[in-house]
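Peer 1: Input structure_5.pdb, format and content: PDB, C-alpha atoms.
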ATOM      1  CA  MET H  17      85.894  80.018 109.081  1.00  0.00           C
ATOM      2  CA  SER H  18      85.489  83.761 108.692  1.00  0.00           C
ATOM      3  CA  LYS H  19      82.358  85.063 106.991  1.00  0.00           C
ATOM      4  CA  VAL H  20      82.985  88.198 104.945  1.00  0.00           C
ATOM      5  CA  LEU H  21      80.342  90.307 103.236  1.00  0.00           C
ATOM      6  CA  SER H  22      81.197  92.106  99.994  1.00  0.00           C
ATOM      7  CA  ILE H  23      79.352  95.336  99.193  1.00  0.00           C
ATOM      8  CA  CYS H  24      79.530  96.661  95.633  1.00  0.00           C
ATOM      9  CA  GLY H  25      79.210 100.429  95.314  1.00  0.00           C
ATOM     10  CA  SER H  26      78.215 100.332  91.658  1.00  0.00           C
ATOM     11  CA  LEU H  27      74.659  99.750  90.483  1.00  0.00           C
ATOM     12  CA  ARG H  28      75.659  99.218  86.829  1.00  0.00           C
ATOM     13  CA  LYS H  29      75.128  95.658  85.531  1.00  0.00           C
ATOM     14  CA  GLY H  30      78.441  95.546  83.640  1.00  0.00           C
ATOM     15  CA  SER H  31      80.404  97.218  86.415  1.00  0.00           C
ATOM     16  CA  PHE H  32      84.111  96.429  86.724  1.00  0.00           C
ATOM     17  CA  ASN H  33      83.670  96.739  90.484  1.00  0.00           C
ATOM     18  CA  ARG H  34      80.951  94.067  90.339  1.00  0.00           C
ATOM     19  CA  MET H  35      83.351  91.898  88.318  1.00  0.00           C
ATOM     20  CA  LEU H  36      85.929  92.304  91.099  1.00  0.00           C
ATOM     21  CA  VAL H  37      83.319  91.403  93.733  1.00  0.00           C
ATOM     22  CA  ASN H  38      82.502  88.293  91.685  1.00  0.00           C
ATOM     23  CA  ALA H  39      86.204  87.335  91.579  1.00  0.00           C
ATOM     24  CA  LEU H  40      86.747  87.570  95.346  1.00  0.00           C
ATOM     25  CA  PRO H  41      85.442  84.147  96.502  1.00  0.00           C
ATOM     26  CA  ALA H  42      87.883  82.281  94.236  1.00  0.00           C
ATOM     27  CA  LEU H  43      90.799  84.436  95.445  1.00  0.00           C
ATOM     28  CA  ALA H  44      89.981  84.135  99.152  1.00  0.00           C
ATOM     29  CA  PRO H  45      92.273  82.133 101.406  1.00  0.00           C
ATOM     30  CA  ALA H  46      91.186  78.834 102.930  1.00  0.00           C
ATOM     31  CA  GLY H  47      88.837  79.468 105.822  1.00  0.00           C
ATOM     32  CA  MET H  48      87.280  82.641 104.396  1.00  0.00           C
ATOM     33  CA  THR H  49      83.912  82.731 102.665  1.00  0.00           C
ATOM     34  CA  ILE H  50      82.880  85.873 100.810  1.00  0.00           C
ATOM     35  CA  THR H  51      79.195  86.486 100.146  1.00  0.00           C
ATOM     36  CA  PRO H  52      77.716  89.384  98.163  1.00  0.00           C
ATOM     37  CA  ALA H  53      75.592  91.824 100.171  1.00  0.00           C
ATOM     38  CA  PRO H  54      71.900  92.406  99.573  1.00  0.00           C
ATOM     39  CA  SER H  55      71.024  95.282  97.269  1.00  0.00           C
ATOM     40  CA  ILE H  56      72.128  98.785  98.203  1.00  0.00           C
ATOM     41  CA  GLU H  57      69.255 100.279  96.204  1.00  0.00           C
ATOM     42  CA  MET H  58      66.925 102.116  98.564  1.00  0.00           C
ATOM     43  CA  PRO H  59      65.114 105.465  98.713  1.00  0.00           C
ATOM     44  CA  LEU H  60      67.166 108.553  99.421  1.00  0.00           C
ATOM     45  CA  TYR H  61      67.718 108.905 103.124  1.00  0.00           C
ATOM     46  CA  ASN H  62      65.228 111.253 104.739  1.00  0.00           C
ATOM     47  CA  SER H  63      64.488 111.367 108.468  1.00  0.00           C
ATOM     48  CA  ASP H  64      60.779 111.777 107.662  1.00  0.00           C
ATOM     49  CA  LEU H  65      60.918 108.403 105.853  1.00  0.00           C
ATOM     50  CA  GLN H  66      62.879 106.919 108.740  1.00  0.00           C
ATOM     51  CA  ALA H  67      60.107 108.002 111.119  1.00  0.00           C
ATOM     52  CA  GLN H  68      57.764 105.762 109.084  1.00  0.00           C
ATOM     53  CA  GLY H  69      60.181 102.820 109.359  1.00  0.00           C
ATOM     54  CA  PHE H  70      63.329 101.615 107.683  1.00  0.00           C
ATOM     55  CA  PRO H  71      63.149 100.330 104.102  1.00  0.00           C
ATOM     56  CA  ALA H  72      63.398  96.547 103.832  1.00  0.00           C
ATOM     57  CA  ALA H  73      66.632  96.912 101.836  1.00  0.00           C
ATOM     58  CA  ALA H  74      68.263  98.908 104.664  1.00  0.00           C
ATOM     59  CA  THR H  75      67.219  96.306 107.233  1.00  0.00           C
ATOM     60  CA  ALA H  76      68.483  93.443 105.047  1.00  0.00           C
ATOM     61  CA  LEU H  77      71.834  95.152 104.501  1.00  0.00           C
ATOM     62  CA  SER H  78      72.190  95.941 108.206  1.00  0.00           C
ATOM     63  CA  ASP H  79      71.406  92.354 109.173  1.00  0.00           C
ATOM     64  CA  ALA H  80      73.946  91.038 106.651  1.00  0.00           C
ATOM     65  CA  ILE H  81      76.654  93.380 107.964  1.00  0.00           C
ATOM     66  CA  ARG H  82      75.934  92.349 111.564  1.00  0.00           C
ATOM     67  CA  ALA H  83      76.091  88.643 110.647  1.00  0.00           C
ATOM     68  CA  ALA H  84      79.487  89.012 108.928  1.00  0.00           C
ATOM     69  CA  ASP H  85      82.867  88.798 110.628  1.00  0.00           C
ATOM     70  CA  GLY H  86      84.159  91.456 108.233  1.00  0.00           C
ATOM     71  CA  VAL H  87      83.097  93.582 105.265  1.00  0.00           C
ATOM     72  CA  ILE H  88      84.805  94.367 101.964  1.00  0.00           C
ATOM     73  CA  ILE H  89      83.530  97.456 100.159  1.00  0.00           C
ATOM     74  CA  VAL H  90      84.364  97.455  96.437  1.00  0.00           C
ATOM     75  CA  SER H  91      83.422 100.702  94.754  1.00  0.00           C
ATOM     76  CA  PRO H  92      84.114 103.058  91.890  1.00  0.00           C
ATOM     77  CA  GLU H  93      84.834 106.720  92.429  1.00  0.00           C
ATOM     78  CA  TYR H  94      82.262 109.244  91.212  1.00  0.00           C
ATOM     79  CA  ASN H  95      83.331 112.891  91.074  1.00  0.00           C
ATOM     80  CA  TRP H  96      86.313 112.211  93.368  1.00  0.00           C
ATOM     81  CA  THR H  97      84.223 110.588  96.091  1.00  0.00           C
ATOM     82  CA  ILE H  98      81.822 107.808  97.168  1.00  0.00           C
ATOM     83  CA  PRO H  99      79.014 107.027  94.678  1.00  0.00           C
ATOM     84  CA  GLY H 100      75.671 108.423  95.825  1.00  0.00           C
ATOM     85  CA  GLY H 101      73.897 105.058  95.962  1.00  0.00           C
ATOM     86  CA  LEU H 102      76.531 103.560  98.250  1.00  0.00           C
ATOM     87  CA  LYS H 103      76.709 106.629 100.463  1.00  0.00           C
ATOM     88  CA  ASN H 104      72.920 106.623 100.738  1.00  0.00           C
ATOM     89  CA  ALA H 105      72.903 102.957 101.822  1.00  0.00           C
ATOM     90  CA  ILE H 106      75.540 103.728 104.448  1.00  0.00           C
ATOM     91  CA  ASP H 107      73.469 106.696 105.639  1.00  0.00           C
ATOM     92  CA  TRP H 108      70.442 104.424 106.116  1.00  0.00           C
ATOM     93  CA  VAL H 109      72.260 101.631 107.962  1.00  0.00           C
ATOM     94  CA  SER H 110      74.130 104.139 110.124  1.00  0.00           C
ATOM     95  CA  ARG H 111      70.834 105.095 111.739  1.00  0.00           C
ATOM     96  CA  MET H 112      69.901 101.564 112.733  1.00  0.00           C
ATOM     97  CA  LYS H 113      69.765 100.558 116.364  1.00  0.00           C
ATOM     98  CA  ASP H 114      73.038  98.726 117.091  1.00  0.00           C
ATOM     99  CA  GLN H 115      74.668 100.425 114.106  1.00  0.00           C
ATOM    100  CA  PRO H 116      76.152  97.497 112.139  1.00  0.00           C
ATOM    101  CA  PHE H 117      79.549  98.966 111.166  1.00  0.00           C
ATOM    102  CA  ALA H 118      80.560  99.613 114.801  1.00  0.00           C
ATOM    103  CA  ASN H 119      83.594  97.489 115.704  1.00  0.00           C
ATOM    104  CA  LYS H 120      83.473  95.749 112.315  1.00  0.00           C
ATOM    105  CA  PRO H 121      86.679  95.118 110.303  1.00  0.00           C
ATOM    106  CA  VAL H 122      86.299  96.697 106.857  1.00  0.00           C
ATOM    107  CA  ALA H 123      88.569  96.394 103.805  1.00  0.00           C
ATOM    108  CA  LEU H 124      88.321  98.701 100.810  1.00  0.00           C
ATOM    109  CA  GLN H 125      88.845  98.006  97.115  1.00  0.00           C
ATOM    110  CA  SER H 126      88.226 100.138  94.059  1.00  0.00           C
ATOM    111  CA  CYS H 127      88.366  99.947  90.274  1.00  0.00           C
ATOM    112  CA  SER H 128      88.557 102.790  87.804  1.00  0.00           C
ATOM    113  CA  MET H 129      89.346 103.268  84.143  1.00  0.00           C
ATOM    114  CA  GLY H 130      91.582 106.190  85.162  1.00  0.00           C
ATOM    115  CA  ILE H 131      95.109 106.072  86.510  1.00  0.00           C
ATOM    116  CA  LEU H 132      94.177 106.669  90.166  1.00  0.00           C
ATOM    117  CA  GLY H 133      91.954 103.596  90.404  1.00  0.00           C
ATOM    118  CA  GLY H 134      89.403 105.091  92.808  1.00  0.00           C
ATOM    119  CA  ALA H 135      91.923 106.131  95.477  1.00  0.00           C
ATOM    120  CA  ARG H 136      89.991 109.309  96.355  1.00  0.00           C
ATOM    121  CA  MET H 137      86.821 107.290  96.989  1.00  0.00           C
ATOM    122  CA  GLN H 138      88.789 105.104  99.382  1.00  0.00           C
ATOM    123  CA  TYR H 139      90.066 108.158 101.257  1.00  0.00           C
ATOM    124  CA  HIS H 140      86.526 109.462 101.743  1.00  0.00           C
ATOM    125  CA  MET H 141      85.185 106.004 102.616  1.00  0.00           C
ATOM    126  CA  ARG H 142      87.841 105.721 105.333  1.00  0.00           C
ATOM    127  CA  GLN H 143      86.549 108.967 106.824  1.00  0.00           C
ATOM    128  CA  SER H 144      82.961 107.680 106.858  1.00  0.00           C
ATOM    129  CA  MET H 145      83.992 104.348 108.356  1.00  0.00           C
ATOM    130  CA  VAL H 146      86.002 106.067 111.118  1.00  0.00           C
ATOM    131  CA  TYR H 147      82.896 108.041 112.054  1.00  0.00           C
ATOM    132  CA  LEU H 148      80.922 104.782 112.190  1.00  0.00           C
ATOM    133  CA  ASP H 149      83.522 103.182 114.513  1.00  0.00           C
ATOM    134  CA  ALA H 150      84.513 100.560 111.942  1.00  0.00           C
ATOM    135  CA  PHE H 151      88.076  99.244 111.934  1.00  0.00           C
ATOM    136  CA  VAL H 152      89.403  99.968 108.452  1.00  0.00           C
ATOM    137  CA  PHE H 153      92.121  97.636 107.207  1.00  0.00           C
ATOM    138  CA  ASN H 154      95.206  99.459 105.912  1.00  0.00           C
ATOM    139  CA  ARG H 155      97.508  97.432 103.654  1.00  0.00           C
ATOM    140  CA  PRO H 156      97.925  96.041 101.149  1.00  0.00           C
ATOM    141  CA  GLU H 157      95.532  98.314  99.307  1.00  0.00           C
ATOM    142  CA  VAL H 158      93.560  97.176  96.273  1.00  0.00           C
ATOM    143  CA  ILE H 159      93.319 100.103  93.871  1.00  0.00           C
ATOM    144  CA  VAL H 160      92.804  98.822  90.332  1.00  0.00           C
ATOM    145  CA  ALA H 161      93.743 101.508  87.813  1.00  0.00           C
ATOM    146  CA  GLN H 162      93.007 101.211  84.090  1.00  0.00           C
ATOM    147  CA  VAL H 163      90.630  98.404  84.960  1.00  0.00           C
ATOM    148  CA  GLN H 164      89.399  98.064  81.371  1.00  0.00           C
ATOM    149  CA  ASN H 165      92.669  96.198  80.684  1.00  0.00           C
ATOM    150  CA  LYS H 166      92.384  93.812  83.649  1.00  0.00           C
ATOM    151  CA  PHE H 167      89.193  91.827  82.949  1.00  0.00           C
ATOM    152  CA  ASP H 168      88.209  89.552  80.076  1.00  0.00           C
ATOM    153  CA  ASP H 169      85.737  91.401  77.843  1.00  0.00           C
ATOM    154  CA  LYS H 170      83.494  88.381  77.299  1.00  0.00           C
ATOM    155  CA  THR H 171      83.567  86.489  80.605  1.00  0.00           C
ATOM    156  CA  GLY H 172      84.217  89.293  83.119  1.00  0.00           C
ATOM    157  CA  GLU H 173      87.015  87.190  84.621  1.00  0.00           C
ATOM    158  CA  LEU H 174      89.912  88.980  86.315  1.00  0.00           C
ATOM    159  CA  LYS H 175      92.744  88.062  83.946  1.00  0.00           C
ATOM    160  CA  ASP H 176      95.539  90.394  85.130  1.00  0.00           C
ATOM    161  CA  GLU H 177      97.902  88.280  87.244  1.00  0.00           C
ATOM    162  CA  ALA H 178      99.430  91.229  89.140  1.00  0.00           C
ATOM    163  CA  THR H 179      95.957  92.381  90.183  1.00  0.00           C
ATOM    164  CA  ARG H 180      94.938  88.846  91.141  1.00  0.00           C
ATOM    165  CA  ASN H 181      98.046  88.606  93.327  1.00  0.00           C
ATOM    166  CA  VAL H 182      97.483  91.880  95.184  1.00  0.00           C
ATOM    167  CA  VAL H 183      93.837  90.933  95.796  1.00  0.00           C
ATOM    168  CA  LYS H 184      94.975  87.554  97.189  1.00  0.00           C
ATOM    169  CA  GLN H 185      97.536  89.302  99.395  1.00  0.00           C
ATOM    170  CA  GLN H 186      94.923  91.695 100.741  1.00  0.00           C
ATOM    171  CA  LEU H 187      92.434  88.911 101.415  1.00  0.00           C
ATOM    172  CA  GLU H 188      95.055  86.833 103.256  1.00  0.00           C
ATOM    173  CA  ALA H 189      96.054  89.813 105.403  1.00  0.00           C
ATOM    174  CA  PHE H 190      92.401  90.779 105.938  1.00  0.00           C
ATOM    175  CA  ALA H 191      91.649  87.237 107.183  1.00  0.00           C
ATOM    176  CA  LYS H 192      94.313  87.706 109.880  1.00  0.00           C
ATOM    177  CA  TYR H 193      92.945  91.174 110.674  1.00  0.00           C
ATOM    178  CA  VAL H 194      89.392  89.825 111.027  1.00  0.00           C
ATOM    179  CA  SER H 195      90.666  87.184 113.445  1.00  0.00           C
ATOM    180  CA  LEU H 196      91.937  89.969 115.729  1.00  0.00           C
ATOM    181  CA  PHE H 197      88.298  91.012 116.208  1.00  0.00           C
ATOM    182  CA  GLY H 198      86.958  87.561 116.994  1.00  0.00           C
ATOM    183  CA  GLY H 199      86.296  86.293 113.455  1.00  0.00           C
ATOM    184  CA  LYS H 200      87.893  82.967 112.654  1.00  0.00           C
ATOM    185  CA  ALA H 201      90.847  83.087 110.279  1.00  0.00           C
TER
END
Just give me the structure of the file as structure tokens.
Peer 2:
Amino acid sequence: MSKVLSICGSLRKGSFNRMLVNALPALAPAGMTITPAPSIEMPLYNSDLQAQGFPAAATALSDAIRAADGVIIVSPEYNWTIPGGLKNAIDWVSRMKDQPFANKPVALQSCSMGILGGARMQYHMRQSMVYLDAFVFNRPEVIVAQVQNKFDDKTGELKDEATRNVVKQQLEAFAKYVSLFGGKA
């Protein structure tokens, strides 16, 4: 059984990316459990604050990443890059002793109302994850363009069958990838 942590890069309550995170457990293959990460809301990273100790939210997120066999980051794209809140959380956890992303399999997913689906955020996130010595999964990619047409307005359920299928395909392939690093597939 592989334990996967899902991190949502959006703080908005009605976020399409949060809706995708919520859909993941039901789309996961047998033997994979997907659990949402603790909150990514924490003070802006500042080494003066770090000198006083890490925020509880940074410690909780780091512990959750360490305990997982793999991580899925699901995030929108803000101004062609990683949303500030998510980048800030990564900045905090990157300074932890035994940095939690090191040697961790990481898959990326994104949703956007535009036609590029958050692809530029994924490119920048790959760069950050490489620096942190994470092992970023390649394909299939989950880039959900024009997301406003893919979820049910009332229930938040992922209703688009093509999107459901590509998410399932990625999760199945990610389960095999995680097993290469010692996680159970």
Peer 1: Determine the residue set returned by the PyMOL selection byres ((chain H and resi 24-31) around 9) for the present structure, and present it as an mmCIF file with C-alpha atoms, in the coordinates of the input.
Peer 2:
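File produced: part-v3.cif:
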data_model
loop_
_atom_site.group_PDB
_atom_site.id
_atom_site.type_symbol
_atom_site.label_atom_id
_atom_site.label_comp_id
_atom_site.auth_asym_id
_atom_site.auth_seq_id
_atom_site.Cartn_x
_atom_site.Cartn_y
_atom_site.Cartn_z
ATOM 1 C CA SER H 22 81.197 92.106 99.994
ATOM 2 C CA ILE H 23 79.352 95.336 99.193
ATOM 3 C CA PHE H 32 84.111 96.429 86.724
ATOM 4 C CA ASN H 33 83.670 96.739 90.484
ATOM 5 C CA ARG H 34 80.951 94.067 90.339
ATOM 6 C CA MET H 35 83.351 91.898 88.318
ATOM 7 C CA LEU H 36 85.929 92.304 91.099
ATOM 8 C CA VAL H 37 83.319 91.403 93.733
ATOM 9 C CA PRO H 52 77.716 89.384 98.163
ATOM 10 C CA ALA H 53 75.592 91.824 100.171
ATOM 11 C CA SER H 55 71.024 95.282 97.269
ATOM 12 C CA ILE H 56 72.128 98.785 98.203
ATOM 13 C CA GLU H 57 69.255 100.279 96.204
ATOM 14 C CA ILE H 88 84.805 94.367 101.964
ATOM 15 C CA ILE H 89 83.530 97.456 100.159
ATOM 16 C CA VAL H 90 84.364 97.455 96.437
ATOM 17 C CA SER H 91 83.422 100.702 94.754
ATOM 18 C CA PRO H 92 84.114 103.058 91.890
ATOM 19 C CA GLU H 93 84.834 106.720 92.429
ATOM 20 C CA ILE H 98 81.822 107.808 97.168
ATOM 21 C CA PRO H 99 79.014 107.027 94.678
ATOM 22 C CA GLY H 100 75.671 108.423 95.825
ATOM 23 C CA GLY H 101 73.897 105.058 95.962
ATOM 24 C CA LEU H 102 76.531 103.560 98.250
ATOM 25 C CA LYS H 103 76.709 106.629 100.463
ATOM 26 C CA GLY H 172 84.217 89.293 83.119
#
Peer 1: Can you tell me, as AutoDock Vina command-line options, the centre and edge lengths (Å, one decimal) of the axis-aligned box enclosing all of stretch 182-191 of chain H's listed atoms after padding each side by 3 Å?
Peer 2:
--center_x 94.6 --center_y 89.4 --center_z 101.2 --size_x 11.9 --size_y 11.0 --size_z 18.0
Peer 1: Quick one, how far is atom CA of H:Phe190 from atom CA of H:Pro41?
Peer 2: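 One can read the atom CA of H:Phe190 to atom CA of H:Pro41 distance as 13.5 Å.
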Peer 1: Just how far from atom CA of H:Val146 is atom CA of H:Val182, in Å to one decimal?
Peer 2: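 It comes out at 24.2 Å.
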Peer 1: Considering all atoms listed in the file, can you say which of H:Met129, H:Ala67, H:Ala74, H:Val87 comes closest to H:Phe167?
Peer 2: H:Met129
Peer 1: Near H:Asn154, counting all atoms listed in the file, which residues have an atom at most 12 Å away, once you skip same-chain residues fewer than 5 positions from it, shown as a PDB file with C-alpha atoms, in the coordinates of the input?
Peer 2:
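That gives us selection-v3.pdb:
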ATOM      1  CA  PRO H 121      86.679  95.118 110.303  1.00  0.00           C
ATOM      2  CA  VAL H 122      86.299  96.697 106.857  1.00  0.00           C
ATOM      3  CA  ALA H 123      88.569  96.394 103.805  1.00  0.00           C
ATOM      4  CA  LEU H 124      88.321  98.701 100.810  1.00  0.00           C
ATOM      5  CA  GLN H 125      88.845  98.006  97.115  1.00  0.00           C
ATOM      6  CA  GLN H 138      88.789 105.104  99.382  1.00  0.00           C
ATOM      7  CA  TYR H 139      90.066 108.158 101.257  1.00  0.00           C
ATOM      8  CA  ARG H 142      87.841 105.721 105.333  1.00  0.00           C
ATOM      9  CA  GLN H 186      94.923  91.695 100.741  1.00  0.00           C
ATOM     10  CA  LEU H 187      92.434  88.911 101.415  1.00  0.00           C
ATOM     11  CA  ALA H 189      96.054  89.813 105.403  1.00  0.00           C
ATOM     12  CA  PHE H 190      92.401  90.779 105.938  1.00  0.00           C
ATOM     13  CA  TYR H 193      92.945  91.174 110.674  1.00  0.00           C
TER      14      TYR H 193
END
